[in-house]
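One structure below.
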Amino acid sequence: MTVHISGKVFGVELTDELRGIVREPTALFFSIVMPVAFFGLFVSLFGKFSSGGLSAGTTMVATFGAFGVVSVVLMNPGIGVAADRERGWLRAKQVSAVPIGVTLAAKVVAALPYAAGVLLAMTATAAVTGALDAPVTALLRILAVLMVGALPFALLSLAVGFQTGAGAATAVLNAILIPSAVLSGLWMPLEIMPAFFGDIAPFLPTYHLARLALAQLTGAPVLTHVLVLLGTTIVAAALAALSYRHARS
Amino acid sequence: METVLEVRRARHSYGSTPALAGVDLDVGAGECVALLGPNGAGKTTLVNLVVGLLPAKEGRVRVCGGDPRIASTRRRLGVVQQSLGFPTTLKVVELVTGAAVRAGMPRSASGPVMAELDLTDLAGRRAAKLSGGQKQRLQLAMALVADPRLLVLDEPTAGLDVPARKRFWQLLAQRRERGTGVLVTTHLIEESSAVADRVVVLDHGRVLAGGTPDELVARLPDRTVIARTALGRDRLAMLPGVVSVRNDGEHVHLGTRTPEALLRVLLAQDPGLSDLRVEGAGLEEAVAGLIKRERGAA
């Protein structure tokens, strides 16, 4: 009975979040169209170059795709929770009969179709430009890896959202996202960037997420990347819990 | 009478600053209790304890026998906040239906409650675009759809016009007849005098007094001097024997235990004084007098 009710409650929470996404097309534009447009630009310029038997357009589905997914899951839950807190809606949820974890989980899960949409649009763009050369199974593995691997970024997003207003959350999360993306080689390969980028990248979880996605194409070892992302998830979960406990009312 | 809220020796502090210093409070089924007190009295902290947002550092808070920090206990609790901002993307019917499902009720429970609160015609409207009174009715609908045993109302009629306030309290009266207990905090003391069965006065985290509004008024032998005067509020507050000053349109209400002496001073200082009368003190004057007396004794 409890599980049944919890499932229904999660369904209501998720539906409300998805309604929020669908009914605000401006947010859709910035979260999907902008990254995909940038991807389209880069892939049409460099997509047909080849390295290690893979076209740049194919590897960019993993690396730039990691950027697209992270940008959605890093921005959406945090900004949403910050806006909810500002208008008193988070308090209304906290005093309701719904465990707050269910509400927050719905916010994170609602971002995933969005993130999948970004990745699928990038894949389609690479295919249209003739720069995509990978089996569907590998592309599906990339999709799965990026969806699951996005969790620590969603938790970090919530941690920021509990402490800032919606405007400040946008600024803070962008300040985390853009340098992480550039320094991890998500926009342009680290090989063509200054050498110190390559020294910094292994310390960033975004780098390991992109490498894990890339490994689905190259067959490279994944253990280190998985462990780093697991560790990041634990740290981000602790940060989110701490931030929630001390959330500004 | 069944007790739906029981608070025993509740203490809470923020760091080294005490907010509640051992508060006892009961609300029975169908009873309406108003929580009054100046800013910083501890009302918000007490409400946060009751709705499960804060733990009592000492003492006990029980809603229908359960700990309100536990989500399942909060199924018996409905909360109406002061000026809640709704999500801009959700419609009235979606919010009420969602509240029903969250409380373990069938979706169909939303229809009768929306009808009861005159929200049926607004079902398809975005909640964020409703007027202040409509938003408060929506909050009440979201609380009532769960058929709560205890309603906690935080300044529920702030910003509403007089007809909207009347309608709000009429709706609550119907629910109280069915056994729902109500705890309300408000700055509109005279309003609480009209709707509450009992009043509890808090100051500095302690319960100063409790009882029916009539009992509280009778506790102080105060009178209210009402007049139209050119004297300013600050100057009036300094007059001998004045315990409270309240503006009411063109009139000023002065609480005092020595109306004769005050009248002599008033007439001497403001020759243009008019529309003068002396009445028994209202609840607002009684509460102000109680607080002033306790602070003076401390």
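Identifiers in this document derive from the order of the structure tokens: chains are assigned A, B, ..., residues are numbered from 1 separately in each chain, and ligands are numbered from 1 in order of occurrence.
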If you count only C-alpha atoms, which residues fall within 8 Å of region 1-13 of chain B, apart from same-chain ones fewer than 2 positions away, as number ranges by chain? B: 15-29, 45, 55-65, 149-150, 181
Could the residues in this selection be saved with C-alpha atoms as a PDB file, in the first residue's frame?
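Output contents, as saved in part_2.pdb:
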```pdb
ATOM      1  CA  GLY B  15      22.458  29.083  18.774  1.00  0.00           C
ATOM      2  CA  SER B  16      22.543  30.698  22.198  1.00  0.00           C
ATOM      3  CA  THR B  17      19.369  32.742  21.539  1.00  0.00           C
ATOM      4  CA  PRO B  18      16.306  31.130  23.129  1.00  0.00           C
ATOM      5  CA  ALA B  19      13.174  31.228  20.972  1.00  0.00           C
ATOM      6  CA  LEU B  20      10.818  29.040  23.023  1.00  0.00           C
ATOM      7  CA  ALA B  21      11.272  28.591  26.757  1.00  0.00           C
ATOM      8  CA  GLY B  22       8.985  25.695  27.710  1.00  0.00           C
ATOM      9  CA  VAL B  23       5.655  26.205  25.929  1.00  0.00           C
ATOM     10  CA  ASP B  24       2.507  24.161  26.617  1.00  0.00           C
ATOM     11  CA  LEU B  25      -0.359  24.298  24.140  1.00  0.00           C
ATOM     12  CA  ASP B  26      -3.362  22.122  23.283  1.00  0.00           C
ATOM     13  CA  VAL B  27      -5.858  22.306  20.432  1.00  0.00           C
ATOM     14  CA  GLY B  28      -8.954  20.139  20.615  1.00  0.00           C
ATOM     15  CA  ALA B  29     -11.002  18.708  17.746  1.00  0.00           C
ATOM     16  CA  THR B  45       9.205  28.971  15.862  1.00  0.00           C
ATOM     17  CA  PRO B  55      12.633  19.654  16.076  1.00  0.00           C
ATOM     18  CA  ALA B  56      11.842  20.589  19.673  1.00  0.00           C
ATOM     19  CA  LYS B  57      15.207  20.662  21.444  1.00  0.00           C
ATOM     20  CA  GLU B  58      13.345  19.741  24.612  1.00  0.00           C
ATOM     21  CA  GLY B  59       9.756  18.788  25.271  1.00  0.00           C
ATOM     22  CA  ARG B  60       7.241  17.146  22.993  1.00  0.00           C
ATOM     23  CA  VAL B  61       5.045  18.064  20.021  1.00  0.00           C
ATOM     24  CA  ARG B  62       2.333  15.650  18.894  1.00  0.00           C
ATOM     25  CA  VAL B  63      -0.240  16.010  16.122  1.00  0.00           C
ATOM     26  CA  CYS B  64      -3.018  13.428  16.621  1.00  0.00           C
ATOM     27  CA  GLY B  65      -0.552  11.525  18.799  1.00  0.00           C
ATOM     28  CA  ARG B 149      -7.532  16.836  11.732  1.00  0.00           C
ATOM     29  CA  LEU B 150      -5.479  19.975  12.408  1.00  0.00           C
ATOM     30  CA  GLY B 181      -8.960  21.780  14.977  1.00  0.00           C
TER      31      GLY B 181
END
```
Please determine the contact residues of chain B with respect to chain A at a cut-off of 7 Å, counting only C-alpha atoms, and supply them as number ranges by chain. B: 51-53, 71-72, 74-75, 84-86, 89, 98, 101-104
Distance CA of Phe196 (chain A)-CA of Ala210 (chain A), one decimal place?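 Result for CA of Phe196 (chain A) versus CA of Ala210 (chain A): 18.2 Å, one decimal.
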Return the single residue from A:Thr125, A:Thr63, A:Ser180, A:Thr233 that is closest to Arg211 (chain A), with distances computed using only C-alpha atoms. A:Thr63
Hey, what's within 8 Å of Met147 (chain A) if we count only C-alpha atoms and toss same-chain stuff fewer than 6 positions away? As an NGL selection string, please? :A and (69 or 112 or 115-116)
Can I get the selection written as a short mmCIF file (atom, residue, chain, number, x, y, z; two decimals), in the first residue's frame, with C-alpha atoms?
```cif
data_model
loop_
_atom_site.label_atom_id
_atom_site.label_comp_id
_atom_site.auth_asym_id
_atom_site.auth_seq_id
_atom_site.Cartn_x
_atom_site.Cartn_y
_atom_site.Cartn_z
CA VAL A 69 23.67 16.38 -20.51
CA LEU A 112 16.55 13.35 -17.69
CA ALA A 115 19.02 15.64 -21.21
CA ALA A 116 18.20 12.67 -23.44
#
```
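Taking CA of Ala123 (chain B) as the reference point, CA of Val92 (chain B) is found at 4.9 Å.
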What lies within 8 Å of Pro259 (chain B) using only C-alpha atoms, ignoring chain neighbours under 6 positions off, as a PyMOL selection string? chain B and resi 223-225+241+278
Long-range neighbours of Leu217 (chain A) as an MDAnalysis selection string, 8 Å cut-off, only C-alpha atoms, 4 positions minimum in chain: chainID A and resid 59 134 138 213
Which residue is closest to Pro194 (chain A)? Choose from A:Val136, A:Val182, A:Ala82, A:Val235 and count only C-alpha atoms. A:Val182
